[in-house]
Amino acid sequence: MGKGRWWLGILRCGALLATVPLLSACVSEQSMLHPAGEDAAAVANLFWVMAAGTVVIWLIVMGITVYAVLGKERPKTERFADRFILIGGVAFPSITLAALLIFGLALLPDWVRTEGADLRVHVTAEQYWWRIAYELPDGSVVQSANELHLPVGQTAEFVLNSTDVIHSFWIPNLGGKIDVIPGRTNLWRLKPTEPGVFRGVCAEFCGPSHALMAFPVVVHEPADFAAFLEGEATPVDAPPNHDLFIASGCGACHAVRGTSAGGAVGPDLTHFASRRTMAAGTLPITAENLASWLLDPKHIKPDVRMPGYDSLPDAERAALVSYLLDLQ
Amino acid sequence: MSEQDHVTKEVRRETGSGTDLWSVIISPTIWALHFLACYVAAAIYCEKLGRDAPLGDIRTLVIVVTVLALGGIFWSSIRLWRVHDRSLTDDDFEYEHNTPEERHRFLSHVALMLCVLSAVAVIYVTIPMLYLETCR
């Protein structure tokens, strides 16, 4: 950059900065900056306040730096230098950090629980999927997996457990994250404030398929949620090819409520085809993806515990795919 | 002012009447004791009463300990200020000469800055306690 072209640099910086809002518009289903829950709104607010404060401090420091390098040489008294360091280097950081500490601490959840949650959901993290069980008012649970449905405007309490390693439960649009630790039950509360479809993730590295351990989160109006829960609780009639499903051993690991398949090792498949994704947020549910998954799950999801069924004849695999697609 | 005058002027204070190393470490020691008192007391309290126990008693204790700690640091600062007697930073402070007076001033200068650091640290340790409700 030649002399006199300094404004070009500023222009370039400006052009770069102008693209920042575009970036934030890319994906909003997994973004803390698009809050759709009470906690997320508080965290987003904290972020914007701190970001704005950071920009102001950065501008002040840069301004002083530029002044020190380019400003006219005017000797300052030693007293001025002392005061400057005392105020700028001791008092200002101490007070600013204390203010940030207080501002941040005010976000600490109020753990004194007086009121009960509107809904309790048991979430068990396993390599690499989420076992989800909705607790009904009578204490019984509705098993599901890899897709979370919540009613808007109601507080959901999550009872979090892990069966293997440490995972972390995070739905960025709804709130902060919490680790899911084997041998320990963690409680977490979220209150969605806007309906929509979001993306929850595992936020603690848990193995080769850590990044493929996600789940869609659907926030409904309360009436729609009640309808969903009723549907999810309803067992299904065994679709065609159920005998093949059992004969191939699928039922040993997977449950299809209402049929003889009652395995509890892998995800509950009762209403599998009505979900938005397969393999825990990894792929959309299509016949092609299912066929590929049954052939070799590890190819799609490394280290997954489900074995491949490449030993089955193609026709039987296709029949299993259609069976799964019938599990509405 | 000749070198001789300067030294003569600065040697007025006796070695035993200024700052010693104890004065330098007293405020960080208060900080450490305050930290230990707060955390150890809260740890024992929460272990005995469980995760849902309210922190009311411990909060009172922490505030009392904090007031004592800040009082101690303040007392130490006043003592040091009298020795230093000029400013918090180096301003017109000299330490090029090997005289007892300047050693006292240097030590009290360092100690005074440690007092400020300790006071800030004590306050930072206390702030979260004002916001925590239970042992969780």
# chains A, B, ... in the order shown; residues from 1 in each chain; ligands from 1
call {"tool": "residues_around", "arguments": {"residues": "Ala32 (chain B)", "least_positions_apart": "5", "cutoff": "10 Å", "atoms": "only C-alpha atoms", "output": "PyMOL selection string"}}
result
chain B and resi 26-27+37-38+69+118+121-122
call {"tool": "select_by_dssp", "arguments": {"residues": "region 34-243 of chain A", "states": "helix (DSSP H, G or I)", "output": "PDB file with C-alpha atoms, in the first residue's frame"}}
result
ATOM      1  CA  GLU A  38     -35.448 -16.924  27.711  1.00  0.00           C
ATOM      2  CA  ASP A  39     -31.904 -17.995  28.584  1.00  0.00           C
ATOM      3  CA  ALA A  40     -30.660 -17.529  25.042  1.00  0.00           C
ATOM      4  CA  ALA A  41     -32.055 -13.991  24.998  1.00  0.00           C
ATOM      5  CA  ALA A  42     -30.172 -13.203  28.225  1.00  0.00           C
ATOM      6  CA  VAL A  43     -26.947 -14.697  26.834  1.00  0.00           C
ATOM      7  CA  ALA A  44     -27.353 -12.849  23.519  1.00  0.00           C
ATOM      8  CA  ASN A  45     -27.904  -9.624  25.459  1.00  0.00           C
ATOM      9  CA  LEU A  46     -24.743 -10.287  27.477  1.00  0.00           C
ATOM     10  CA  PHE A  47     -22.856 -10.915  24.237  1.00  0.00           C
ATOM     11  CA  TRP A  48     -24.011  -7.702  22.556  1.00  0.00           C
ATOM     12  CA  VAL A  49     -23.289  -5.552  25.607  1.00  0.00           C
ATOM     13  CA  MET A  50     -19.832  -7.073  25.995  1.00  0.00           C
ATOM     14  CA  ALA A  51     -19.144  -6.847  22.267  1.00  0.00           C
ATOM     15  CA  ALA A  52     -20.139  -3.176  22.236  1.00  0.00           C
ATOM     16  CA  GLY A  53     -17.978  -2.502  25.308  1.00  0.00           C
ATOM     17  CA  THR A  54     -15.072  -4.316  23.682  1.00  0.00           C
ATOM     18  CA  VAL A  55     -15.394  -2.199  20.545  1.00  0.00           C
ATOM     19  CA  VAL A  56     -15.364   1.010  22.606  1.00  0.00           C
ATOM     20  CA  ILE A  57     -12.296  -0.073  24.596  1.00  0.00           C
ATOM     21  CA  TRP A  58     -10.558  -1.247  21.429  1.00  0.00           C
ATOM     22  CA  LEU A  59     -11.196   2.116  19.776  1.00  0.00           C
ATOM     23  CA  ILE A  60      -9.863   3.976  22.823  1.00  0.00           C
ATOM     24  CA  VAL A  61      -6.700   1.833  22.984  1.00  0.00           C
ATOM     25  CA  MET A  62      -6.136   2.101  19.238  1.00  0.00           C
ATOM     26  CA  GLY A  63      -6.779   5.844  19.380  1.00  0.00           C
ATOM     27  CA  ILE A  64      -4.188   6.254  22.102  1.00  0.00           C
ATOM     28  CA  THR A  65      -1.753   4.055  20.179  1.00  0.00           C
ATOM     29  CA  VAL A  66      -2.182   6.077  17.001  1.00  0.00           C
ATOM     30  CA  TYR A  67      -1.822   9.277  18.998  1.00  0.00           C
ATOM     31  CA  ALA A  68       1.351   7.968  20.636  1.00  0.00           C
ATOM     32  CA  VAL A  69       2.889   7.045  17.277  1.00  0.00           C
ATOM     33  CA  LEU A  70       1.658   9.868  15.059  1.00  0.00           C
ATOM     34  CA  GLU A  78       5.680  12.854  35.161  1.00  0.00           C
ATOM     35  CA  ARG A  79       2.638  13.538  37.298  1.00  0.00           C
ATOM     36  CA  PHE A  80       0.384  13.271  34.247  1.00  0.00           C
ATOM     37  CA  ALA A  81       2.025   9.973  33.296  1.00  0.00           C
ATOM     38  CA  ASP A  82       1.484   8.648  36.821  1.00  0.00           C
ATOM     39  CA  ARG A  83      -2.146   9.643  36.845  1.00  0.00           C
ATOM     40  CA  PHE A  84      -2.671   8.237  33.360  1.00  0.00           C
ATOM     41  CA  ILE A  85      -1.305   4.842  34.387  1.00  0.00           C
ATOM     42  CA  LEU A  86      -3.150   4.910  37.682  1.00  0.00           C
ATOM     43  CA  ILE A  87      -6.502   5.710  36.090  1.00  0.00           C
ATOM     44  CA  GLY A  88      -6.133   3.917  32.742  1.00  0.00           C
ATOM     45  CA  GLY A  89      -4.135   0.948  33.945  1.00  0.00           C
ATOM     46  CA  VAL A  90      -5.417   0.311  37.453  1.00  0.00           C
ATOM     47  CA  ALA A  91      -8.724   2.022  38.198  1.00  0.00           C
ATOM     48  CA  PHE A  92     -10.423   1.609  34.814  1.00  0.00           C
ATOM     49  CA  PRO A  93      -9.697  -2.130  34.349  1.00  0.00           C
ATOM     50  CA  SER A  94     -10.601  -2.905  37.970  1.00  0.00           C
ATOM     51  CA  ILE A  95     -13.920  -1.093  37.764  1.00  0.00           C
ATOM     52  CA  THR A  96     -14.731  -2.395  34.262  1.00  0.00           C
ATOM     53  CA  LEU A  97     -13.968  -5.991  35.236  1.00  0.00           C
ATOM     54  CA  ALA A  98     -16.009  -5.655  38.421  1.00  0.00           C
ATOM     55  CA  ALA A  99     -18.920  -4.275  36.395  1.00  0.00           C
ATOM     56  CA  LEU A 100     -18.637  -7.163  33.902  1.00  0.00           C
ATOM     57  CA  LEU A 101     -18.434  -9.649  36.765  1.00  0.00           C
ATOM     58  CA  ILE A 102     -21.605  -8.247  38.318  1.00  0.00           C
ATOM     59  CA  PHE A 103     -23.360  -8.063  34.943  1.00  0.00           C
ATOM     60  CA  GLY A 104     -22.415 -11.668  34.174  1.00  0.00           C
ATOM     61  CA  LEU A 105     -23.229 -13.001  37.631  1.00  0.00           C
ATOM     62  CA  HIS A 210     -19.171 -36.226  17.947  1.00  0.00           C
ATOM     63  CA  ALA A 211     -20.058 -33.765  15.189  1.00  0.00           C
ATOM     64  CA  LEU A 212     -22.787 -36.153  13.981  1.00  0.00           C
ATOM     65  CA  PRO A 222     -48.925 -25.907  23.350  1.00  0.00           C
ATOM     66  CA  ALA A 223     -51.943 -27.465  21.591  1.00  0.00           C
ATOM     67  CA  ASP A 224     -49.755 -28.792  18.764  1.00  0.00           C
ATOM     68  CA  PHE A 225     -47.310 -30.145  21.306  1.00  0.00           C
ATOM     69  CA  ALA A 226     -50.082 -32.009  23.110  1.00  0.00           C
ATOM     70  CA  ALA A 227     -51.112 -33.501  19.776  1.00  0.00           C
ATOM     71  CA  PHE A 228     -47.517 -34.490  19.043  1.00  0.00           C
ATOM     72  CA  LEU A 229     -47.093 -36.122  22.438  1.00  0.00           C
ATOM     73  CA  GLU A 230     -50.343 -38.045  22.030  1.00  0.00           C
ATOM     74  CA  GLY A 231     -49.214 -39.260  18.627  1.00  0.00           C
ATOM     75  CA  GLU A 232     -45.764 -40.174  19.916  1.00  0.00           C
ATOM     76  CA  ALA A 233     -47.301 -42.116  22.800  1.00  0.00           C
ATOM     77  CA  HIS A 242     -42.184 -56.741  10.340  1.00  0.00           C
ATOM     78  CA  ASP A 243     -41.184 -60.418  10.361  1.00  0.00           C
TER      79      ASP A 243
END
call {"tool": "residues_around", "arguments": {"residues": "Cys115 (chain B)", "least_positions_apart": "2", "cutoff": "8 Å", "atoms": "only C-alpha atoms", "output": "CSV table (one decimal) with N, CA and C atoms, in the first residue's frame"}}
result
chain,number,residue,atom,x,y,z
B,27,SER,N,-0.5,-7.6,53.2
B,27,SER,CA,-1.7,-7.5,52.5
B,27,SER,C,-2.0,-8.7,51.6
B,28,PRO,N,-1.0,-9.2,50.8
B,28,PRO,CA,-1.3,-10.5,50.1
B,28,PRO,C,-1.7,-11.6,51.0
B,73,ILE,N,-6.2,-4.3,55.2
B,73,ILE,CA,-5.4,-3.8,54.1
B,73,ILE,C,-5.4,-2.3,54.2
B,74,PHE,N,-6.5,-1.7,54.6
B,74,PHE,CA,-6.5,-0.2,54.7
B,74,PHE,C,-5.5,0.3,55.8
B,76,SER,N,-2.8,-1.3,56.7
B,76,SER,CA,-1.5,-1.5,56.2
B,76,SER,C,-1.2,-0.3,55.2
B,77,SER,N,-2.2,0.1,54.4
B,77,SER,CA,-1.9,1.1,53.4
B,77,SER,C,-1.6,2.4,54.1
B,111,ALA,N,4.9,-2.4,48.5
B,111,ALA,CA,3.9,-2.9,49.4
B,111,ALA,C,2.5,-2.2,49.2
B,112,LEU,N,2.6,-0.9,48.9
B,112,LEU,CA,1.4,-0.1,48.7
B,112,LEU,C,0.6,-0.6,47.4
B,113,MET,N,1.4,-0.9,46.4
B,113,MET,CA,0.8,-1.5,45.2
B,113,MET,C,0.2,-2.8,45.4
B,117,LEU,N,-3.7,-4.2,44.9
B,117,LEU,CA,-4.0,-5.4,44.2
B,117,LEU,C,-4.9,-6.3,45.2
B,118,SER,N,-4.4,-6.4,46.4
B,118,SER,CA,-5.1,-7.3,47.4
B,118,SER,C,-6.5,-6.9,47.6
B,119,ALA,N,-6.7,-5.5,47.8
B,119,ALA,CA,-8.1,-5.0,48.0
B,119,ALA,C,-9.0,-5.3,46.9
call {"tool": "select_by_dssp", "arguments": {"residues": "region 111-307 of chain A", "states": "strand (DSSP E or B)", "output": "ChimeraX atom specification"}}
result
/A:119-126,129-135,141-145,148-151,156-162,167-170,178-180,182,186-190,192,196-202,214-220,255,262,277-278,283-284
call {"tool": "closest_residue", "arguments": {"among": "B:Trp81, B:Trp31, B:Tyr131, B:Phe106", "to": "chain A", "atoms": "only C-alpha atoms"}}
result
B:Tyr131
call {"tool": "closest_residue", "arguments": {"among": "A:Gly263, A:Ile181, A:Val159, A:Leu324", "to": "Thr286 (chain A)", "atoms": "only C-alpha atoms"}}
result
A:Leu324
call {"tool": "residues_around", "arguments": {"residues": "Pro302 (chain A)", "least_positions_apart": "6", "cutoff": "9 Å", "atoms": "only C-alpha atoms", "output": "VMD selection string"}}
result
chain A and resid 207 to 209
call {"tool": "write_last_selection", "arguments": {"atoms": "N, CA and C atoms", "output": "PDB file, in the first residue's frame"}}
result
ATOM      1  N   GLY A 207     -16.141 -38.466  20.781  1.00  0.00           N
ATOM      2  CA  GLY A 207     -15.677 -39.576  19.964  1.00  0.00           C
ATOM      3  C   GLY A 207     -15.692 -39.181  18.493  1.00  0.00           C
ATOM      4  N   PRO A 208     -15.323 -40.124  17.614  1.00  0.00           N
ATOM      5  CA  PRO A 208     -15.179 -39.785  16.189  1.00  0.00           C
ATOM      6  C   PRO A 208     -16.433 -39.169  15.569  1.00  0.00           C
ATOM      7  N   SER A 209     -17.611 -39.565  16.035  1.00  0.00           N
ATOM      8  CA  SER A 209     -18.829 -39.025  15.425  1.00  0.00           C
ATOM      9  C   SER A 209     -19.475 -37.939  16.272  1.00  0.00           C
TER      10      SER A 209
END
